[in-house]
>>> print(open('query24.cif').read())   # mmCIF, N, CA and C atoms
data_work
loop_
_atom_site.group_PDB
_atom_site.id
_atom_site.type_symbol
_atom_site.label_atom_id
_atom_site.label_comp_id
_atom_site.auth_asym_id
_atom_site.auth_seq_id
_atom_site.Cartn_x
_atom_site.Cartn_y
_atom_site.Cartn_z
ATOM 1 N N MET Q 418 0.825 -1.187 0.000
ATOM 2 C CA MET Q 418 0.000 0.000 0.000
ATOM 3 C C MET Q 418 0.877 1.262 0.000
ATOM 4 N N LEU Q 419 1.957 1.248 0.797
ATOM 5 C CA LEU Q 419 2.854 2.402 0.843
ATOM 6 C C LEU Q 419 3.536 2.606 -0.500
ATOM 7 N N LEU Q 420 3.975 1.513 -1.123
ATOM 8 C CA LEU Q 420 4.625 1.629 -2.436
ATOM 9 C C LEU Q 420 3.657 2.206 -3.465
ATOM 10 N N GLN Q 421 2.425 1.747 -3.440
ATOM 11 C CA GLN Q 421 1.410 2.270 -4.360
ATOM 12 C C GLN Q 421 1.202 3.769 -4.129
ATOM 13 N N TYR Q 422 1.126 4.171 -2.871
ATOM 14 C CA TYR Q 422 0.950 5.572 -2.521
ATOM 15 C C TYR Q 422 2.118 6.418 -3.036
ATOM 16 N N LEU Q 423 3.331 5.936 -2.819
ATOM 17 C CA LEU Q 423 4.514 6.680 -3.264
ATOM 18 C C LEU Q 423 4.582 6.769 -4.785
ATOM 19 N N LEU Q 424 4.245 5.688 -5.463
ATOM 20 C CA LEU Q 424 4.251 5.711 -6.934
ATOM 21 C C LEU Q 424 3.182 6.662 -7.479
ATOM 22 N N LEU Q 425 2.007 6.658 -6.871
ATOM 23 C CA LEU Q 425 0.946 7.583 -7.288
ATOM 24 C C LEU Q 425 1.366 9.032 -7.046
ATOM 25 N N SER Q 426 1.960 9.289 -5.890
ATOM 26 C CA SER Q 426 2.407 10.640 -5.568
ATOM 27 C C SER Q 426 3.508 11.098 -6.522
ATOM 28 N N LEU Q 427 4.451 10.218 -6.806
ATOM 29 C CA LEU Q 427 5.524 10.541 -7.748
ATOM 30 C C LEU Q 427 4.964 10.816 -9.138
ATOM 31 N N THR Q 428 4.047 9.974 -9.577
ATOM 32 C CA THR Q 428 3.428 10.161 -10.894
ATOM 33 C C THR Q 428 2.685 11.491 -10.959
ATOM 34 N N SER Q 429 1.945 11.808 -9.913
ATOM 35 C CA SER Q 429 1.220 13.068 -9.885
ATOM 36 C C SER Q 429 2.187 14.247 -9.908
ATOM 37 N N GLY Q 430 3.259 14.175 -9.127
ATOM 38 C CA GLY Q 430 4.253 15.240 -9.110
ATOM 39 C C GLY Q 430 4.894 15.450 -10.473
ATOM 40 N N ILE Q 431 5.193 14.354 -11.166
ATOM 41 C CA ILE Q 431 5.763 14.450 -12.517
ATOM 42 C C ILE Q 431 4.757 15.080 -13.472
ATOM 43 N N LEU Q 432 3.506 14.647 -13.397
ATOM 44 C CA LEU Q 432 2.476 15.213 -14.281
ATOM 45 C C LEU Q 432 2.277 16.706 -14.032
ATOM 46 N N PHE Q 433 2.272 17.116 -12.763
ATOM 47 C CA PHE Q 433 2.158 18.544 -12.461
ATOM 48 C C PHE Q 433 3.391 19.305 -12.939
ATOM 49 N N GLY Q 434 4.571 18.685 -12.808
ATOM 50 C CA GLY Q 434 5.787 19.308 -13.335
ATOM 51 C C GLY Q 434 5.723 19.477 -14.841
ATOM 52 N N LEU Q 435 5.201 18.463 -15.524
ATOM 53 C CA LEU Q 435 5.011 18.559 -16.983
ATOM 54 C C LEU Q 435 3.975 19.633 -17.319
ATOM 55 N N GLY Q 436 2.977 19.785 -16.446
ATOM 56 C CA GLY Q 436 2.000 20.863 -16.627
ATOM 57 C C GLY Q 436 2.659 22.229 -16.549
ATOM 58 N N ALA Q 437 3.605 22.387 -15.620
ATOM 59 C CA ALA Q 437 4.344 23.648 -15.514
ATOM 60 C C ALA Q 437 5.184 23.878 -16.765
ATOM 61 N N LEU Q 438 5.798 22.818 -17.258
ATOM 62 C CA LEU Q 438 6.577 22.905 -18.504
ATOM 63 C C LEU Q 438 5.683 23.326 -19.664
ATOM 64 N N ALA Q 439 4.542 22.682 -19.788
ATOM 65 C CA ALA Q 439 3.596 23.023 -20.855
ATOM 66 C C ALA Q 439 3.065 24.442 -20.683
ATOM 67 N N SER Q 440 2.902 24.873 -19.446
ATOM 68 C CA SER Q 440 2.448 26.231 -19.184
ATOM 69 C C SER Q 440 3.428 27.246 -19.758
ATOM 70 N N GLN Q 441 4.712 26.988 -19.572
ATOM 71 C CA GLN Q 441 5.738 27.873 -20.141
ATOM 72 C C GLN Q 441 5.696 27.821 -21.666
ATOM 73 N N LEU Q 442 5.534 26.618 -22.206
ATOM 74 C CA LEU Q 442 5.501 26.451 -23.661
ATOM 75 C C LEU Q 442 4.232 27.037 -24.286
ATOM 76 N N SER Q 443 3.191 27.216 -23.473
ATOM 77 C CA SER Q 443 1.936 27.754 -24.001
ATOM 78 C C SER Q 443 2.046 29.238 -24.338
ATOM 79 N N ALA Q 444 3.113 29.882 -23.852
ATOM 80 C CA ALA Q 444 3.343 31.318 -24.113
ATOM 81 C C ALA Q 444 2.099 32.137 -23.754
ATOM 82 N N GLY Q 445 1.651 31.958 -22.516
ATOM 83 C CA GLY Q 445 0.480 32.715 -22.072
ATOM 84 C C GLY Q 445 -0.796 32.290 -22.770
ATOM 85 N N LEU Q 446 -0.922 31.005 -23.032
ATOM 86 C CA LEU Q 446 -2.084 30.388 -23.696
ATOM 87 C C LEU Q 446 -2.216 30.806 -25.168
ATOM 88 N N THR Q 447 -1.128 31.285 -25.782
ATOM 89 C CA THR Q 447 -1.184 31.663 -27.201
ATOM 90 C C THR Q 447 -0.691 30.551 -28.113
ATOM 91 N N ASN Q 448 0.022 29.567 -27.561
ATOM 92 C CA ASN Q 448 0.492 28.424 -28.332
ATOM 93 C C ASN Q 448 -0.472 27.260 -28.084
ATOM 94 N N PRO Q 449 -1.229 26.850 -29.104
ATOM 95 C CA PRO Q 449 -2.256 25.820 -28.887
ATOM 96 C C PRO Q 449 -1.711 24.500 -28.339
ATOM 97 N N LEU Q 450 -0.572 24.044 -28.837
ATOM 98 C CA LEU Q 450 -0.042 22.763 -28.380
ATOM 99 C C LEU Q 450 0.369 22.834 -26.906
ATOM 100 N N GLY Q 451 1.037 23.919 -26.521
ATOM 101 C CA GLY Q 451 1.403 24.100 -25.125
ATOM 102 C C GLY Q 451 0.186 24.220 -24.228
ATOM 103 N N THR Q 452 -0.839 24.907 -24.707
ATOM 104 C CA THR Q 452 -2.075 25.081 -23.940
ATOM 105 C C THR Q 452 -2.777 23.748 -23.734
ATOM 106 N N ILE Q 453 -2.833 22.931 -24.767
ATOM 107 C CA ILE Q 453 -3.438 21.594 -24.642
ATOM 108 C C ILE Q 453 -2.637 20.751 -23.657
ATOM 109 N N GLY Q 454 -1.304 20.818 -23.752
ATOM 110 C CA GLY Q 454 -0.451 20.084 -22.820
ATOM 111 C C GLY Q 454 -0.684 20.510 -21.386
ATOM 112 N N LEU Q 455 -0.824 21.807 -21.179
ATOM 113 C CA LEU Q 455 -1.091 22.355 -19.855
ATOM 114 C C LEU Q 455 -2.377 21.753 -19.284
ATOM 115 N N ILE Q 456 -3.429 21.770 -20.075
ATOM 116 C CA ILE Q 456 -4.723 21.252 -19.625
ATOM 117 C C ILE Q 456 -4.642 19.753 -19.345
ATOM 118 N N VAL Q 457 -4.017 19.016 -20.236
ATOM 119 C CA VAL Q 457 -3.931 17.563 -20.099
ATOM 120 C C VAL Q 457 -3.096 17.174 -18.880
ATOM 121 N N PHE Q 458 -1.882 17.731 -18.765
ATOM 122 C CA PHE Q 458 -0.993 17.319 -17.678
ATOM 123 C C PHE Q 458 -1.507 17.740 -16.307
ATOM 124 N N PHE Q 459 -2.024 18.972 -16.180
ATOM 125 C CA PHE Q 459 -2.559 19.382 -14.885
ATOM 126 C C PHE Q 459 -3.796 18.560 -14.525
ATOM 127 N N SER Q 460 -4.623 18.239 -15.511
ATOM 128 C CA SER Q 460 -5.819 17.423 -15.239
ATOM 129 C C SER Q 460 -5.432 16.018 -14.800
ATOM 130 N N LEU Q 461 -4.508 15.401 -15.518
ATOM 131 C CA LEU Q 461 -4.072 14.047 -15.151
ATOM 132 C C LEU Q 461 -3.393 14.042 -13.784
ATOM 133 N N GLY Q 462 -2.593 15.072 -13.513
ATOM 134 C CA GLY Q 462 -1.948 15.164 -12.206
ATOM 135 C C GLY Q 462 -2.968 15.219 -11.077
ATOM 136 N N GLY Q 463 -4.030 15.994 -11.279
ATOM 137 C CA GLY Q 463 -5.085 16.095 -10.275
ATOM 138 C C GLY Q 463 -5.832 14.785 -10.092
ATOM 139 N N LEU Q 464 -6.061 14.086 -11.178
ATOM 140 C CA LEU Q 464 -6.758 12.802 -11.084
ATOM 141 C C LEU Q 464 -5.927 11.769 -10.324
ATOM 142 N N VAL Q 465 -4.635 11.711 -10.636
ATOM 143 C CA VAL Q 465 -3.765 10.756 -9.937
ATOM 144 C C VAL Q 465 -3.635 11.150 -8.467
ATOM 145 N N GLN Q 466 -3.572 12.445 -8.196
ATOM 146 C CA GLN Q 466 -3.508 12.914 -6.808
ATOM 147 C C GLN Q 466 -4.752 12.476 -6.034
ATOM 148 N N ALA Q 467 -5.901 12.577 -6.652
ATOM 149 C CA ALA Q 467 -7.146 12.170 -5.988
ATOM 150 C C ALA Q 467 -7.113 10.686 -5.630
ATOM 151 N N ILE Q 468 -6.536 9.875 -6.490
ATOM 152 C CA ILE Q 468 -6.426 8.439 -6.198
ATOM 153 C C ILE Q 468 -5.469 8.219 -5.025
ATOM 154 N N ALA Q 469 -4.348 8.966 -5.009
ATOM 155 C CA ALA Q 469 -3.396 8.842 -3.896
ATOM 156 C C ALA Q 469 -4.048 9.232 -2.579
ATOM 157 N N MET Q 470 -4.973 10.190 -2.622
ATOM 158 C CA MET Q 470 -5.634 10.649 -1.401
ATOM 159 C C MET Q 470 -6.606 9.620 -0.834
ATOM 160 N N ARG Q 471 -6.914 8.598 -1.609
ATOM 161 C CA ARG Q 471 -7.727 7.510 -1.046
ATOM 162 C C ARG Q 471 -6.898 6.675 -0.083
ATOM 163 N N ILE Q 472 -5.570 6.711 -0.252
ATOM 164 C CA ILE Q 472 -4.685 5.884 0.563
ATOM 165 C C ILE Q 472 -4.240 6.629 1.818
ATOM 166 N N LYS Q 473 -3.971 7.908 1.675
ATOM 167 C CA LYS Q 473 -3.462 8.704 2.791
ATOM 168 C C LYS Q 473 -4.215 10.020 2.844
ATOM 169 N N ASP Q 474 -4.134 10.718 3.957
ATOM 170 C CA ASP Q 474 -4.916 11.939 4.137
ATOM 171 C C ASP Q 474 -4.520 13.052 3.163
ATOM 172 N N MET Q 475 -5.435 13.990 2.974
ATOM 173 C CA MET Q 475 -5.266 15.051 1.993
ATOM 174 C C MET Q 475 -4.064 15.937 2.299
ATOM 175 N N GLY Q 476 -3.921 16.356 3.549
ATOM 176 C CA GLY Q 476 -2.866 17.306 3.892
ATOM 177 C C GLY Q 476 -1.479 16.822 3.536
ATOM 178 N N SER Q 477 -1.119 15.641 4.013
ATOM 179 C CA SER Q 477 0.230 15.142 3.749
ATOM 180 C C SER Q 477 0.419 14.772 2.279
ATOM 181 N N THR Q 478 -0.616 14.252 1.650
ATOM 182 C CA THR Q 478 -0.510 13.903 0.225
ATOM 183 C C THR Q 478 -0.313 15.148 -0.614
ATOM 184 N N TYR Q 479 -1.093 16.175 -0.350
ATOM 185 C CA TYR Q 479 -0.994 17.408 -1.123
ATOM 186 C C TYR Q 479 0.390 18.037 -0.972
ATOM 187 N N ILE Q 480 0.878 18.085 0.257
ATOM 188 C CA ILE Q 480 2.185 18.689 0.503
ATOM 189 C C ILE Q 480 3.289 17.900 -0.201
ATOM 190 N N LEU Q 481 3.235 16.585 -0.131
ATOM 191 C CA LEU Q 481 4.234 15.753 -0.806
ATOM 192 C C LEU Q 481 4.216 16.009 -2.311
ATOM 193 N N ILE Q 482 3.046 16.036 -2.893
ATOM 194 C CA ILE Q 482 2.935 16.215 -4.343
ATOM 195 C C ILE Q 482 3.359 17.623 -4.758
ATOM 196 N N VAL Q 483 3.030 18.621 -3.964
ATOM 197 C CA VAL Q 483 3.469 19.982 -4.272
ATOM 198 C C VAL Q 483 4.998 20.056 -4.257
ATOM 199 N N GLY Q 484 5.612 19.389 -3.279
ATOM 200 C CA GLY Q 484 7.073 19.356 -3.227
ATOM 201 C C GLY Q 484 7.676 18.667 -4.440
ATOM 202 N N LEU Q 485 7.084 17.548 -4.834
ATOM 203 C CA LEU Q 485 7.567 16.843 -6.030
ATOM 204 C C LEU Q 485 7.353 17.678 -7.288
ATOM 205 N N ASP Q 486 6.219 18.338 -7.359
ATOM 206 C CA ASP Q 486 5.921 19.238 -8.485
ATOM 207 C C ASP Q 486 7.000 20.312 -8.571
ATOM 208 N N ALA Q 487 7.318 20.921 -7.445
ATOM 209 C CA ALA Q 487 8.341 21.973 -7.425
ATOM 210 C C ALA Q 487 9.695 21.438 -7.871
ATOM 211 N N LEU Q 488 10.034 20.246 -7.411
ATOM 212 C CA LEU Q 488 11.309 19.636 -7.795
ATOM 213 C C LEU Q 488 11.375 19.395 -9.302
ATOM 214 N N PHE Q 489 10.325 18.796 -9.858
ATOM 215 C CA PHE Q 489 10.339 18.511 -11.295
ATOM 216 C C PHE Q 489 10.274 19.786 -12.133
ATOM 217 N N ALA Q 490 9.513 20.780 -11.681
ATOM 218 C CA ALA Q 490 9.474 22.059 -12.391
ATOM 219 C C ALA Q 490 10.868 22.692 -12.404
ATOM 220 N N LEU Q 491 11.561 22.612 -11.276
ATOM 221 C CA LEU Q 491 12.928 23.140 -11.194
ATOM 222 C C LEU Q 491 13.851 22.405 -12.160
ATOM 223 N N LEU Q 492 13.786 21.075 -12.146
ATOM 224 C CA LEU Q 492 14.646 20.289 -13.041
ATOM 225 C C LEU Q 492 14.352 20.586 -14.508
ATOM 226 N N PHE Q 493 13.073 20.690 -14.863
ATOM 227 C CA PHE Q 493 12.717 21.021 -16.244
ATOM 228 C C PHE Q 493 13.240 22.407 -16.620
ATOM 229 N N SER Q 494 13.134 23.357 -15.689
ATOM 230 C CA SER Q 494 13.591 24.718 -15.996
ATOM 231 C C SER Q 494 15.103 24.746 -16.219
ATOM 232 N N ILE Q 495 15.835 23.926 -15.483
ATOM 233 C CA ILE Q 495 17.291 23.887 -15.628
ATOM 234 C C ILE Q 495 17.692 23.157 -16.910
ATOM 235 N N PHE Q 496 17.141 21.970 -17.135
ATOM 236 C CA PHE Q 496 17.613 21.128 -18.232
ATOM 237 C C PHE Q 496 16.967 21.434 -19.579
ATOM 238 N N ILE Q 497 15.771 21.973 -19.585
ATOM 239 C CA ILE Q 497 15.100 22.256 -20.855
ATOM 240 C C ILE Q 497 15.219 23.725 -21.238
ATOM 241 N N PHE Q 498 14.977 24.613 -20.273
ATOM 242 C CA PHE Q 498 15.008 26.048 -20.573
ATOM 243 C C PHE Q 498 16.343 26.694 -20.245
ATOM 244 N N LYS Q 499 17.273 25.892 -19.699
ATOM 245 C CA LYS Q 499 18.626 26.376 -19.380
ATOM 246 C C LYS Q 499 18.610 27.559 -18.407
ATOM 247 N N GLU Q 500 17.631 27.575 -17.504
ATOM 248 C CA GLU Q 500 17.578 28.620 -16.493
ATOM 249 C C GLU Q 500 18.701 28.379 -15.482
ATOM 250 N N THR Q 501 19.196 29.438 -14.909
ATOM 251 C CA THR Q 501 20.266 29.317 -13.924
ATOM 252 C C THR Q 501 19.760 29.809 -12.564
ATOM 253 N N TYR Q 502 20.363 29.275 -11.530
ATOM 254 C CA TYR Q 502 19.971 29.617 -10.172
ATOM 255 C C TYR Q 502 21.221 29.904 -9.358
ATOM 256 N N THR Q 503 21.153 30.932 -8.520
ATOM 257 C CA THR Q 503 22.257 31.227 -7.620
ATOM 258 C C THR Q 503 22.270 30.205 -6.493
ATOM 259 N N ALA Q 504 23.379 30.146 -5.803
ATOM 260 C CA ALA Q 504 23.491 29.218 -4.671
ATOM 261 C C ALA Q 504 22.439 29.536 -3.612
ATOM 262 N N LEU Q 505 22.174 30.813 -3.407
ATOM 263 C CA LEU Q 505 21.174 31.210 -2.410
ATOM 264 C C LEU Q 505 19.770 30.739 -2.806
ATOM 265 N N LYS Q 506 19.415 30.849 -4.093
ATOM 266 C CA LYS Q 506 18.108 30.372 -4.551
ATOM 267 C C LYS Q 506 18.011 28.849 -4.419
ATOM 268 N N LEU Q 507 19.089 28.151 -4.762
ATOM 269 C CA LEU Q 507 19.087 26.691 -4.622
ATOM 270 C C LEU Q 507 18.956 26.282 -3.153
ATOM 271 N N LEU Q 508 19.578 27.028 -2.269
ATOM 272 C CA LEU Q 508 19.449 26.751 -0.844
ATOM 273 C C LEU Q 508 18.003 26.950 -0.390
ATOM 274 N N GLY Q 509 17.378 28.016 -0.866
ATOM 275 C CA GLY Q 509 15.976 28.259 -0.546
ATOM 276 C C GLY Q 509 15.077 27.148 -1.047
ATOM 277 N N ILE Q 510 15.324 26.680 -2.261
ATOM 278 C CA ILE Q 510 14.539 25.572 -2.828
ATOM 279 C C ILE Q 510 14.751 24.306 -2.002
ATOM 280 N N PHE Q 511 15.978 24.064 -1.585
ATOM 281 C CA PHE Q 511 16.288 22.908 -0.750
ATOM 282 C C PHE Q 511 15.472 22.945 0.545
ATOM 283 N N PHE Q 512 15.433 24.112 1.184
ATOM 284 C CA PHE Q 512 14.683 24.228 2.438
ATOM 285 C C PHE Q 512 13.181 24.025 2.223
ATOM 286 N N ILE Q 513 12.665 24.488 1.101
ATOM 287 C CA ILE Q 513 11.245 24.263 0.798
ATOM 288 C C ILE Q 513 10.969 22.767 0.661
ATOM 289 N N LEU Q 514 11.833 22.066 -0.061
ATOM 290 C CA LEU Q 514 11.634 20.628 -0.253
ATOM 291 C C LEU Q 514 11.784 19.865 1.062
ATOM 292 N N ILE Q 515 12.750 20.252 1.872
ATOM 293 C CA ILE Q 515 12.910 19.613 3.179
ATOM 294 C C ILE Q 515 11.678 19.886 4.040
ATOM 295 N N GLY Q 516 11.152 21.094 3.964
ATOM 296 C CA GLY Q 516 9.927 21.433 4.692
ATOM 297 C C GLY Q 516 8.773 20.550 4.269
ATOM 298 N N CYS Q 517 8.672 20.275 2.978
ATOM 299 C CA CYS Q 517 7.604 19.384 2.487
ATOM 300 C C CYS Q 517 7.744 17.992 3.078
ATOM 301 N N VAL Q 518 8.970 17.511 3.190
ATOM 302 C CA VAL Q 518 9.192 16.196 3.782
ATOM 303 C C VAL Q 518 8.757 16.196 5.246
ATOM 304 N N PHE Q 519 9.159 17.236 5.988
ATOM 305 C CA PHE Q 519 8.792 17.309 7.408
ATOM 306 C C PHE Q 519 7.289 17.408 7.593
ATOM 307 N N LEU Q 520 6.616 18.126 6.732
ATOM 308 C CA LEU Q 520 5.164 18.319 6.861
ATOM 309 C C LEU Q 520 4.370 17.055 6.542
ATOM 310 N N THR Q 521 4.986 16.100 5.859
ATOM 311 C CA THR Q 521 4.271 14.858 5.548
ATOM 312 C C THR Q 521 4.439 13.818 6.657
ATOM 313 N N LYS Q 522 5.240 14.115 7.642
ATOM 314 C CA LYS Q 522 5.478 13.157 8.740
ATOM 315 C C LYS Q 522 4.412 13.260 9.797
#
>>> encode(input="query24.cif", output="C-alpha cells")
Amino acid sequence: MLLQYLLLSLTSGILFGLGALASQLSAGLTNPLGTIGLIVFFSLGGLVQAIAMRIKDMGSTYILIVGLDALFALLFSIFIFKETYTALKLLGIFFILIGCVFLTK
C-alpha cells in the first residue's frame, strides 16, 4: 500500500511538473499545443492525486505532491530552458523541499 501511494504521488508530481513545462511552452495560452499540454498534464496530475488521497490523508498527500511538483518544475527549468539559479536560490529551494518532507510526517 505504501509503495502504491509513493508511486501515485511521484506520478502526480511528474504530471504537475510537466503541466508547468507546458504552461511555459503555451506562451500565455497563445500556443495551442502548449495550452493543450497544460490542460492535459494538470488534469491528469489532479486525477492521480485524488487516487493517492484515497490511501493517505489530503494534507500530507498534497504537501508531498506539491514538493515533487516543485522539484520537477525546477529540473525542467534547468535542463530544458537552461535557467540558472544562484546558490542562495538553490538553498531556498532545498529548504522548501525539506519542509515538504517534514510536513508529511
>>> residues_around(input="query24.cif", residues="range 454-471 of chain Q", least_positions_apart="4", cutoff="12 Å", atoms="only C-alpha atoms", output="ChimeraX atom specification")
/Q:418-450,475-483,485-486
>>> axis_aligned_box(input="query24.cif", around="range 420-426 of chain Q", padding_each_side="8 Å", output="AutoDock Vina command-line options")
--center_x 2.8 --center_y 6.3 --center_z -4.3 --size_x 19.7 --size_y 25.6 --size_z 22.4
>>> select_by_dssp(input="query24.cif", residues="range 441-488 of chain Q", states="alpha helix (DSSP H)", output="JSON, numbers by chain")
{"Q": [441, 442, 449, 450, 451, 452, 453, 454, 455, 456, 457, 458, 459, 460, 461, 462, 463, 464, 465, 466, 467, 468, 469, 475, 476, 477, 478, 479, 480, 481, 482, 483, 484, 485, 486, 487, 488]}
>>> atom_distance(input="query24.cif", atom1="atom C of Leu491 in chain Q", atom2="CA of Ile472 in chain Q")
27.9 Å
>>> atom_distance(input="query24.cif", atom1="atom C of Thr501 in chain Q", atom2="CA of Thr521 in chain Q")
28.1 Å
>>> atom_distance(input="query24.cif", atom1="atom N of Lys473 in chain Q", atom2="atom N of Ala490 in chain Q")
22.9 Å
>>> closest_residue(input="query24.cif", among="Q:Gly451, Q:Gly484, Q:Asp474, Q:Ile497", to="Ile515 in chain Q", atoms="only N, CA and C atoms")
Q:Gly484
>>> resolve_selection(input="query24.cif", expression="the PyMOL selection byres (((chain Q and resi 514 and name CA) around 9) and name CA)", output="list in words")
Leu481, Gly484, Leu485, Ala487, Leu488, Gly509, Ile510, Phe511, Phe512, Ile513, Ile515, Gly516, Cys517, Val518 and Phe519 of chain Q
